[in-house]
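Data file: protein-v5.txt. Format and content: compact mmCIF, C-alpha atoms.
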```
# COMPACT_ATOMS: atom_id res chain seq x y z
CA MET N 222 -79.04 170.24 51.53
CA GLY N 223 -80.42 170.83 48.04
CA MET N 224 -77.10 169.95 46.55
CA LYS N 225 -76.94 166.70 48.47
CA LYS N 226 -80.36 165.58 47.35
CA GLN N 227 -79.44 166.08 43.75
CA LYS N 228 -76.37 163.84 44.00
CA LYS N 229 -77.07 160.62 42.13
CA SER N 230 -76.76 157.41 44.17
CA PHE N 231 -78.11 153.84 44.26
CA THR N 232 -81.26 153.29 46.22
CA LEU N 233 -81.45 150.40 48.67
CA ILE N 234 -83.64 148.44 46.28
CA GLU N 235 -81.24 148.96 43.40
CA VAL N 236 -78.37 147.69 45.50
CA LEU N 237 -80.41 144.69 46.61
CA VAL N 238 -81.39 143.88 43.04
CA ALA N 239 -77.83 144.21 41.84
CA THR N 240 -76.58 141.97 44.64
CA PHE N 241 -79.28 139.42 43.94
CA ILE N 242 -78.42 139.34 40.25
CA THR N 243 -74.72 139.01 40.94
CA VAL N 244 -75.26 136.26 43.49
CA SER N 245 -77.57 134.30 41.22
CA ILE N 246 -75.08 134.56 38.35
CA ILE N 247 -72.25 133.35 40.58
CA ILE N 248 -74.35 130.47 41.90
CA THR N 249 -75.32 129.44 38.38
CA ILE N 250 -71.73 129.53 37.15
CA TYR N 251 -70.46 127.68 40.21
CA SER N 252 -73.08 124.96 40.06
CA THR N 253 -72.45 124.47 36.37
CA TYR N 254 -68.75 124.20 37.06
CA THR N 255 -69.11 121.68 39.88
CA PHE N 256 -71.63 119.68 37.91
CA HIS N 257 -69.31 119.41 34.95
CA HIS N 258 -66.37 118.67 37.18
CA LYS N 259 -68.29 115.79 38.72
CA ALA N 260 -69.36 114.59 35.29
CA TYR N 261 -65.76 114.71 34.13
CA GLN N 262 -64.60 112.64 37.09
CA ALA N 263 -67.39 110.15 36.63
CA GLY N 264 -66.47 109.92 32.97
CA GLU N 265 -62.84 109.40 33.82
CA ASN N 266 -63.77 106.60 36.22
CA ILE N 267 -65.90 104.88 33.60
CA GLY N 268 -63.11 105.17 31.04
CA GLU N 269 -60.50 103.83 33.40
CA VAL N 270 -62.66 100.94 34.54
CA ILE N 271 -63.53 99.89 30.98
CA GLN N 272 -59.93 100.21 29.84
CA ASN N 273 -58.57 98.09 32.69
CA GLY N 274 -61.29 95.47 32.32
CA ARG N 275 -60.70 95.09 28.62
CA VAL N 276 -56.92 94.98 28.80
CA ILE N 277 -56.97 92.29 31.50
CA LEU N 278 -59.50 90.10 29.70
CA GLU N 279 -57.79 90.60 26.36
CA ARG N 280 -54.40 89.44 27.63
CA LEU N 281 -55.87 86.61 29.67
CA THR N 282 -58.00 85.16 26.89
CA ARG N 283 -55.20 85.42 24.35
CA GLU N 284 -52.79 83.45 26.51
CA LEU N 285 -55.33 80.98 27.86
CA ARG N 286 -56.59 80.09 24.40
CA GLN N 287 -53.11 78.85 23.57
CA ALA N 288 -52.21 77.37 26.98
CA ASP N 289 -50.75 73.86 26.95
CA GLU N 290 -51.73 72.87 30.46
CA ILE N 291 -53.54 74.48 33.37
CA VAL N 292 -51.77 73.98 36.69
CA THR N 293 -54.42 75.55 38.92
CA VAL N 294 -57.26 73.25 39.95
CA LEU N 295 -60.44 74.83 38.60
CA GLY N 296 -63.87 74.11 40.05
CA GLU N 297 -66.82 73.26 37.83
CA THR N 298 -69.06 76.08 39.02
CA GLN N 299 -68.66 79.70 40.07
CA ASP N 300 -69.04 78.68 43.73
CA HIS N 301 -65.85 76.67 43.40
CA ALA N 302 -64.00 79.21 41.32
CA ALA N 303 -60.26 79.84 41.68
CA ASP N 304 -59.06 83.39 42.19
CA GLU N 305 -55.82 82.90 40.31
CA ILE N 306 -54.68 80.86 37.36
CA GLU N 307 -51.37 79.30 36.43
CA PHE N 308 -50.81 77.62 33.09
CA GLU N 309 -48.11 76.56 30.71
CA ASP N 310 -47.34 79.13 28.04
CA GLY N 311 -48.17 77.79 24.60
CA HIS N 312 -47.23 80.79 22.50
CA LEU N 313 -43.50 80.39 21.98
CA SER N 314 -41.96 78.04 19.47
CA LEU N 315 -39.49 75.57 20.90
CA ILE N 316 -35.96 76.97 21.18
CA LYS N 317 -33.17 75.17 23.05
CA GLU N 318 -29.75 76.75 22.70
CA THR N 319 -26.67 76.85 24.91
CA GLN N 320 -24.00 79.12 23.43
CA ASN N 321 -21.16 81.49 24.13
CA CYS N 322 -22.19 85.10 24.17
CA GLN N 323 -20.21 87.68 22.18
CA GLY N 324 -20.65 90.56 24.55
CA ALA N 325 -23.22 92.74 26.20
CA THR N 326 -24.19 96.29 27.03
CA GLN N 327 -26.47 97.49 29.83
CA ASN N 328 -29.67 96.33 28.12
CA THR N 329 -28.51 94.18 25.20
CA ILE N 330 -26.63 90.96 24.68
CA THR N 331 -24.92 89.83 21.49
CA LEU N 332 -25.78 86.20 20.90
CA SER N 333 -23.47 83.63 19.33
CA SER N 334 -22.58 84.10 15.66
CA ASN N 335 -24.49 80.96 14.67
CA SER N 336 -27.76 82.21 16.19
CA SER N 337 -30.87 82.60 14.08
CA LEU N 338 -30.84 84.98 11.12
CA VAL N 339 -34.51 85.75 11.60
CA ASP N 340 -35.38 89.04 13.26
CA ASP N 341 -37.29 88.65 16.54
CA TYR N 342 -36.72 84.90 16.52
CA TYR N 343 -35.94 84.95 20.24
CA SER N 344 -38.44 87.65 21.23
CA GLY N 345 -40.47 86.62 24.26
CA ALA N 346 -37.97 83.96 25.29
CA PHE N 347 -35.86 84.21 28.44
CA ILE N 348 -32.09 84.12 28.35
CA LYS N 349 -30.15 82.77 31.32
CA ILE N 350 -26.42 83.26 31.87
CA ILE N 351 -25.35 79.83 33.10
CA SER N 352 -21.61 80.38 33.51
CA GLY N 353 -18.96 83.08 33.38
CA PRO N 354 -19.49 86.74 34.33
CA GLY N 355 -23.10 87.58 35.14
CA GLN N 356 -23.96 83.97 35.96
CA GLY N 357 -27.46 83.22 37.22
CA GLN N 358 -29.21 86.23 35.69
CA ILE N 359 -32.39 85.67 33.67
CA ARG N 360 -33.80 88.35 31.39
CA GLU N 361 -36.59 88.44 28.85
CA ILE N 362 -35.60 89.14 25.24
CA LEU N 363 -37.77 91.90 23.82
CA GLU N 364 -36.21 92.34 20.38
CA TYR N 365 -33.67 90.49 18.31
CA ASN N 366 -31.77 91.56 15.23
CA GLY N 367 -30.94 88.58 13.00
CA SER N 368 -28.06 90.25 11.18
CA THR N 369 -26.20 91.79 14.14
CA LYS N 370 -27.29 89.03 16.61
CA VAL N 371 -28.03 91.74 19.16
CA ALA N 372 -30.90 90.95 21.52
CA THR N 373 -32.49 93.73 23.56
CA ILE N 374 -33.44 92.62 27.04
CA LYS N 375 -36.12 93.81 29.42
CA GLY N 376 -34.54 95.87 32.17
CA ALA N 377 -30.78 95.90 32.60
CA TRP N 378 -28.02 93.50 33.59
CA GLU N 379 -26.78 93.69 37.16
CA THR N 380 -23.45 92.23 36.12
CA LEU N 381 -22.57 92.53 32.45
CA PRO N 382 -21.97 89.22 30.67
CA THR N 383 -18.77 89.09 28.61
CA SER N 384 -17.48 86.97 25.75
CA SER N 385 -16.53 84.30 28.27
CA SER N 386 -20.14 83.99 29.49
CA VAL N 387 -22.32 81.07 28.43
CA TYR N 388 -26.03 81.60 28.00
CA LYS N 389 -28.97 79.25 27.65
CA ILE N 390 -32.30 79.89 25.96
CA ASP N 391 -34.88 77.20 26.64
CA THR N 392 -38.53 77.90 25.88
CA SER N 393 -39.87 74.42 26.65
CA TYR N 394 -41.47 75.10 30.02
CA TYR N 395 -42.59 78.58 30.93
CA TYR N 396 -45.53 78.93 33.26
CA ILE N 397 -47.67 82.05 33.44
CA ARG N 398 -49.61 82.99 36.54
CA TYR N 399 -52.29 85.66 36.77
CA PHE N 400 -53.37 86.66 40.24
CA LEU N 401 -54.88 89.48 42.22
CA GLU N 402 -52.76 91.39 44.71
CA GLN N 403 -54.70 94.07 46.55
CA ASP N 404 -56.44 95.75 43.64
CA LYS N 405 -53.90 94.91 40.95
CA VAL N 406 -53.85 92.01 38.54
CA LYS N 407 -50.31 90.78 38.12
CA ARG N 408 -48.74 88.42 35.63
CA GLN N 409 -45.77 86.29 36.59
CA VAL N 410 -43.61 84.01 34.50
CA ILE N 411 -42.45 81.02 36.53
CA VAL N 412 -39.99 78.24 35.77
CA TYR N 413 -39.56 74.95 37.60
CA TYR N 414 -36.27 73.13 38.09
CA PHE N 415 -34.55 70.55 40.31
CA GLU N 416 -32.27 71.81 43.02
CA ASN N 417 -29.18 70.14 41.59
CA ASP N 418 -29.71 71.63 38.11
CA PRO N 419 -31.26 75.11 38.20
CA ASP N 420 -30.45 75.76 34.53
CA THR N 421 -32.74 73.07 33.16
CA PHE N 422 -36.40 73.95 33.24
CA VAL N 423 -38.79 71.04 33.77
CA PRO N 424 -42.58 70.58 33.96
CA TRP N 425 -44.07 71.78 37.24
CA SER N 426 -45.22 68.29 38.21
CA ALA N 427 -41.92 66.55 37.45
CA ILE N 428 -40.25 64.34 40.05
CA SER N 429 -36.50 63.88 40.02
CA GLU N 430 -35.32 60.61 38.56
CA ASP N 431 -32.78 59.94 41.28
CA SER N 432 -33.53 57.85 44.36
CA GLN N 433 -34.75 60.89 46.35
CA HIS N 434 -37.69 61.67 44.01
CA ASN N 435 -37.49 65.34 44.84
CA PRO N 436 -40.29 67.65 43.74
CA THR N 437 -39.47 70.72 41.68
CA LYS N 438 -38.48 74.13 42.96
CA ASN N 439 -39.70 77.25 41.27
CA GLN N 440 -38.41 80.68 40.43
CA ILE N 441 -40.34 83.76 39.34
CA ILE N 442 -38.45 85.16 36.37
CA ASP N 443 -40.75 88.03 35.47
CA GLU N 444 -43.54 89.98 37.11
CA GLU N 445 -45.61 92.83 35.79
CA ILE N 446 -48.85 94.65 36.55
CA ILE N 447 -51.53 94.09 33.94
CA GLY N 448 -54.38 96.15 35.36
CA GLU N 449 -55.63 97.91 38.45
CA TYR N 450 -58.83 98.82 40.35
CA VAL N 451 -59.76 95.14 40.29
CA GLN N 452 -62.13 93.87 42.96
CA SER N 453 -62.33 90.23 42.00
CA LEU N 454 -61.04 87.84 39.38
CA LYS N 455 -62.49 84.32 39.15
CA PHE N 456 -61.83 81.31 36.98
CA TRP N 457 -63.82 78.11 36.70
CA GLY N 458 -64.62 75.29 34.25
CA LYS N 459 -62.36 73.39 31.87
CA PRO N 460 -61.58 73.24 28.94
CA LEU N 461 -64.19 75.95 28.37
CA LEU N 462 -62.88 78.44 30.91
CA ASN N 463 -65.22 80.92 32.52
CA ILE N 464 -63.68 84.22 33.57
CA SER N 465 -65.45 86.77 35.72
CA LEU N 466 -63.83 90.11 36.41
CA SER N 467 -65.06 92.99 38.47
CA VAL N 468 -63.38 96.38 38.31
CA LYS N 469 -64.26 99.38 40.45
CA LYS N 470 -63.02 102.94 40.64
CA GLY N 471 -64.79 105.58 42.68
CA GLU N 472 -68.48 104.82 42.46
CA LYS N 473 -68.19 103.19 39.09
CA SER N 474 -68.03 99.43 38.94
CA LEU N 475 -67.94 97.15 35.94
CA ASN N 476 -68.53 93.41 35.85
CA LEU N 477 -67.27 91.57 32.83
CA PHE N 478 -67.86 87.94 32.05
CA THR N 479 -66.49 85.87 29.24
CA LYS N 480 -65.54 82.35 28.28
CA VAL N 481 -62.49 81.10 26.47
CA PHE N 482 -61.82 77.70 24.98
CA GLY N 483 -58.31 76.42 25.54
CA ARG N 484 -57.71 74.65 22.27
CA ASN N 485 -54.72 72.65 23.54
CA LEU N 486 -56.25 71.52 26.83
CA MET L 225 -87.36 175.12 36.62
CA GLN L 226 -90.87 174.00 37.37
CA ASN L 227 -91.56 173.34 33.73
CA LYS L 228 -88.40 171.37 33.34
CA LYS L 229 -89.29 169.12 36.27
CA ILE L 230 -92.72 168.39 34.90
CA LYS L 231 -91.20 167.63 31.55
CA MET L 232 -88.74 165.21 33.07
CA ARG L 233 -91.46 163.48 35.05
CA LYS L 234 -93.49 163.06 31.94
CA LYS L 235 -90.51 161.79 30.10
CA TYR L 236 -89.73 159.20 32.81
CA ASN L 237 -93.30 158.12 33.22
CA LEU L 238 -93.70 157.59 29.54
CA GLN L 239 -90.64 155.41 29.29
CA LYS L 240 -91.61 151.77 29.54
CA SER L 241 -89.50 149.73 31.96
CA PHE L 242 -89.51 146.45 33.83
CA THR L 243 -90.64 146.45 37.39
CA LEU L 244 -88.41 144.97 40.05
CA VAL L 245 -90.61 141.86 40.35
CA GLU L 246 -90.57 141.34 36.61
CA SER L 247 -86.81 141.52 36.36
CA ILE L 248 -86.32 139.19 39.33
CA ILE L 249 -88.69 136.64 37.79
CA ALA L 250 -86.97 136.96 34.44
CA ILE L 251 -83.55 136.42 35.98
CA SER L 252 -84.62 133.41 37.99
CA ILE L 253 -86.29 131.84 34.96
CA ILE L 254 -83.12 132.31 32.96
CA ALA L 255 -81.00 130.89 35.78
CA ILE L 256 -83.22 127.82 36.17
CA ALA L 257 -83.39 127.23 32.43
CA PHE L 258 -79.65 127.61 32.12
CA THR L 259 -78.88 125.06 34.81
CA ALA L 260 -81.52 122.70 33.44
CA ILE L 261 -79.96 122.86 29.99
CA THR L 262 -76.43 122.30 31.25
CA GLN L 263 -77.56 119.14 33.08
CA LEU L 264 -78.34 117.68 29.69
CA PHE L 265 -74.90 118.37 28.38
CA PRO L 266 -72.56 115.64 29.59
CA LEU L 267 -72.87 113.75 26.36
CA SER L 268 -69.53 112.17 27.17
CA LEU L 269 -71.14 110.23 30.03
CA LYS L 270 -73.78 108.95 27.67
CA ILE L 271 -71.14 107.83 25.22
CA GLU L 272 -69.01 106.23 27.89
CA ASN L 273 -72.01 104.35 29.26
CA SER L 274 -72.73 103.01 25.82
CA ALA L 275 -69.07 102.03 25.50
CA GLU L 276 -69.37 100.10 28.76
CA MET L 277 -72.44 98.24 27.59
CA LYS L 278 -70.75 97.47 24.30
CA SER L 279 -67.66 96.09 26.09
CA ARG L 280 -69.84 93.82 28.20
CA ALA L 281 -71.76 92.75 25.11
CA ILE L 282 -68.58 91.94 23.18
CA GLU L 283 -67.35 89.65 25.95
CA LEU L 284 -70.73 87.90 26.19
CA ALA L 285 -70.93 87.44 22.44
CA GLN L 286 -67.41 86.00 22.39
CA ALA L 287 -68.37 83.70 25.30
CA LYS L 288 -71.17 82.20 23.20
CA ILE L 289 -68.87 81.68 20.23
CA GLU L 290 -66.28 79.99 22.49
CA GLU L 291 -68.97 77.54 23.62
CA PHE L 292 -69.24 76.30 20.05
CA PHE L 293 -65.47 75.82 19.73
CA VAL L 294 -65.76 72.96 22.22
CA ASN L 295 -68.10 71.08 19.91
CA SER L 296 -67.48 69.20 16.72
CA TYR L 297 -69.04 70.47 13.50
CA SER L 298 -72.08 68.21 13.77
CA GLU L 299 -72.77 69.34 17.34
CA ILE L 300 -73.05 72.99 16.35
CA LYS L 301 -76.81 73.34 16.50
CA CYS L 302 -79.63 74.67 18.64
CA GLN L 303 -80.75 72.54 21.63
CA GLN L 304 -82.89 70.14 19.61
CA THR L 305 -83.28 71.44 16.10
CA SER L 306 -80.59 71.54 13.48
CA PRO L 307 -79.73 74.65 11.44
CA PRO L 308 -81.11 76.96 10.22
CA CYS L 309 -82.31 77.75 13.71
CA GLU L 310 -82.20 80.30 16.51
CA ILE L 311 -81.41 80.20 20.22
CA GLU L 312 -83.04 83.01 22.13
CA GLU L 313 -81.92 83.85 25.65
CA ASN L 314 -84.07 86.66 27.00
CA GLN L 315 -81.60 87.15 29.81
CA VAL L 316 -78.00 86.06 29.48
CA PRO L 317 -77.43 83.87 32.58
CA GLU L 318 -74.23 85.69 33.54
CA ASP L 319 -75.50 89.21 32.88
CA SER L 320 -79.24 89.79 33.00
CA ALA L 321 -79.03 93.23 31.37
CA PHE L 322 -78.59 91.57 28.01
CA LYS L 323 -80.68 89.54 25.63
CA ARG L 324 -78.76 87.14 23.39
CA VAL L 325 -79.90 85.68 20.10
CA THR L 326 -77.78 83.05 18.39
CA ARG L 327 -78.59 82.15 14.82
CA ILE L 328 -77.04 79.16 13.11
CA THR L 329 -77.36 78.71 9.37
CA PHE L 330 -75.67 76.89 6.52
CA VAL L 331 -73.85 79.06 4.01
CA ASN L 332 -72.72 78.29 0.52
CA PRO L 333 -69.04 79.17 -0.11
CA SER L 334 -69.47 78.99 -3.87
CA ASN L 335 -72.31 81.48 -3.77
CA ASN L 336 -70.73 84.38 -1.86
CA PHE L 337 -71.53 82.75 1.51
CA SER L 338 -75.23 83.28 1.09
CA GLU L 339 -77.57 81.23 3.24
CA SER L 340 -78.34 77.77 2.07
CA GLY L 341 -81.16 75.41 3.00
CA SER L 342 -78.97 72.31 3.05
CA ASP L 343 -75.69 71.38 4.72
CA THR L 344 -72.84 72.76 2.65
CA GLY L 345 -70.05 71.91 5.07
CA ILE L 346 -69.94 75.43 6.48
CA LYS L 347 -72.03 76.72 9.34
CA LYS L 348 -72.44 80.38 10.09
CA VAL L 349 -73.00 81.42 13.69
CA GLU L 350 -74.29 84.92 14.36
CA VAL L 351 -74.47 86.08 17.95
CA THR L 352 -76.40 89.28 18.59
CA LEU L 353 -76.62 91.01 21.96
CA TYR L 354 -79.44 93.44 22.70
CA TRP L 355 -79.64 95.86 25.59
CA LYS L 356 -81.74 98.81 26.68
CA THR L 357 -80.05 102.19 26.68
CA ASN L 358 -80.35 104.28 29.83
CA PHE L 359 -81.02 107.67 28.39
CA SER L 360 -83.48 107.25 25.61
CA GLN L 361 -85.94 104.39 25.66
CA GLY L 362 -84.07 102.84 22.79
CA GLU L 363 -82.33 99.53 22.31
CA ASP L 364 -78.80 98.98 21.16
CA SER L 365 -77.23 95.85 19.73
CA PHE L 366 -73.93 94.26 18.81
CA LYS L 367 -73.34 91.31 16.55
CA ILE L 368 -70.43 89.03 15.77
CA VAL L 369 -70.35 86.40 13.07
CA THR L 370 -68.11 83.40 12.63
CA LEU L 371 -67.93 80.40 10.35
CA PHE L 372 -67.31 76.76 11.26
CA ALA L 373 -66.10 74.41 8.55
CA GLN L 374 -66.44 70.67 8.48
CA LYS L 375 -63.08 68.97 8.76
```
I'd like the structure from this file rewritten - as structure tokens, please.
Amino acid sequence: MGMKKQKKSFTLIEVLVATFITVSIIITIYSTYTFHHKAYQAGENIGEVIQNGRVILERLTRELRQADEIVTVLGETQDHAADEIEFEDGHLSLIKETQNCQGATQNTITLSSNSSLVDDYYSGAFIKIISGPGQGQIREILEYNGSTKVATIKGAWETLPTSSSVYKIDTSYYYIRYFLEQDKVKRQVIVYYFENDPDTFVPWSAISEDSQHNPTKNQIIDEEIIGEYVQSLKFWGKPLLNISLSVKKGEKSLNLFTKVFGRNL
Amino acid sequence: MQNKKIKMRKKYNLQKSFTLVESIIAISIIAIAFTAITQLFPLSLKIENSAEMKSRAIELAQAKIEEFFVNSYSEIKCQQTSPPCEIEENQVPEDSAFKRVTRITFVNPSNNFSESGSDTGIKKVEVTLYWKTNFSQGEDSFKIVTLFAQK
């Protein structure tokens, strides 16, 4: 009995105190962790929302400022705002060339030997194979080397053009359309043509000169996503365009408003 | 044996120590203080909020500048008065969180673009956006400047 009493052990109070201390430390650490985790997520949402908002407005205003014509009918006030916009691209210089190609690889095409010597002269333009192998394909030119005549295209060819293929580059009428699909803002490049001549691009409002007076048909030649988490996108007013954009991710929402003056409208 | 016990007692009694209540209070104070301090930490949120306000301000400032692009040189002025003058919008119509001040002045190109009392053929437009910051009671601002030349 005496021996047992002398054995050192924790009293009930000591155990309780120790447990209390441990628990309070764990709670403190855990709450700090969750708090910071929440703050991190909130921060990420803010960052994402700002980034998307700015990228969309930046691209839109840059292209609208230079637009040659706005196809979409825009209301005068926000109540009559359009939720998409289509306009004629005014950024590219006029190029009209129909030539024989020298060859191609999966994502390049070698243009005719009398093509421009200037690097990137054709960048941004679309090249269409109008006859020979690979006929009917349209691809955007991303880079061009003036000395080798090699143009790098966006994506890849489905059927490789060969030296017997004829291509056409015509920058006169490209139309750009920005619109909202679910929560993504997309940008399309559209061309208009008459049914009997799909290789000649015409203005969207053109009417065929023959007796039938056919309206134009259109083809989407490029589509890409510009930004996401978008709740609404509105356009109104002309030539001073009003743009209102609302972006939302999680609980964070951002409303941006700006105006842009289309100098060619 | 007896002596030893008494000695030990004395020794223990003499030693100063915290009581249970004291230590519990101390721990809870530390815990509360610690959490309170960490709540102040997410500086990143503060910075990101200010980045958001700045982004909104930039677009609104640009919007005002674009309004002037529509006009000819002679039409670049405040509602009634001609430069040097100021347009003050206490609440930007499209975003009431901002105050916008537009100042139009003449500048002299041959004198380092300093302000001039008379029309020199160049107008300077300064658009400043002011907004209240959430965290401190302070005010933040953003300004862009552009020049319009007579053709």
Calculated over all atoms listed in the file, which of the candidates N:Glu402, N:Asn435, N:Gln299, N:Asn335 has the smallest distance to Asn417 (chain N)?
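When distances to Asn417 (chain N) are compared using all atoms listed in the file, the smallest one comes from N:Asn435.
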Given a cut-off of 12 Å, which residues of chain L touch chain N, counting all atoms listed in the file, written out as a PyMOL selection string?
chain L and resi 243-295+316-321
Can you pull out every residue within 10 Å of Lys356 (chain L), counting all atoms listed in the file, but drop anything in the same chain fewer than 2 positions away, and send it as a ChimeraX atom specification?
/L:274,277,321-323,354,358-365
Mind giving me the straight-line distance from CA of Leu285 (chain N) to CA of Leu315 (chain N) in Å, one decimal?
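If I compute the distance from CA of Leu285 (chain N) to CA of Leu315 (chain N), I get 18.1 Å.
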Gap from CA of Glu379 (chain N) to CA of Ala346 (chain N) - Å, one decimal:
19.0 Å
At a cut-off of 12 Å, using all atoms listed in the file, what residues contact Pro333 (chain L)? Leave out same-chain residues fewer than 3 positions from it and give the result as a VMD selection string.
chain L and resid 330 336 to 340 343 to 348 371 to 373
Have a look at CA of Asn332 (chain L) and CA of Glu310 (chain L) and let me know their distance in Å, one decimal.
18.7 Å
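With all atoms listed in the file as the atoms that count, the minimum distance from Glu312 (chain L) to the choices L:Ser334, L:Ser298, L:Thr352, L:Thr329 is reached by L:Thr352.
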Between L:Pro307, L:Leu353, L:Lys367, L:Cys302, which residue has the minimum interatomic distance to Val331 (chain L), considering all atoms listed in the file?
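Of L:Pro307, L:Leu353, L:Lys367, L:Cys302, the one nearest Val331 (chain L), counting all atoms listed in the file, is L:Pro307.
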So that all listed atoms of region 455-473 of chain N fit with 3 Å spare on each side, what axis-aligned box centre and edge lengths in Å, to one decimal, would you give as AutoDock Vina command-line options?
```
--center_x -65.0 --center_y 89.4 --center_z 35.5 --size_x 12.9 --size_y 38.3 --size_z 20.3
```
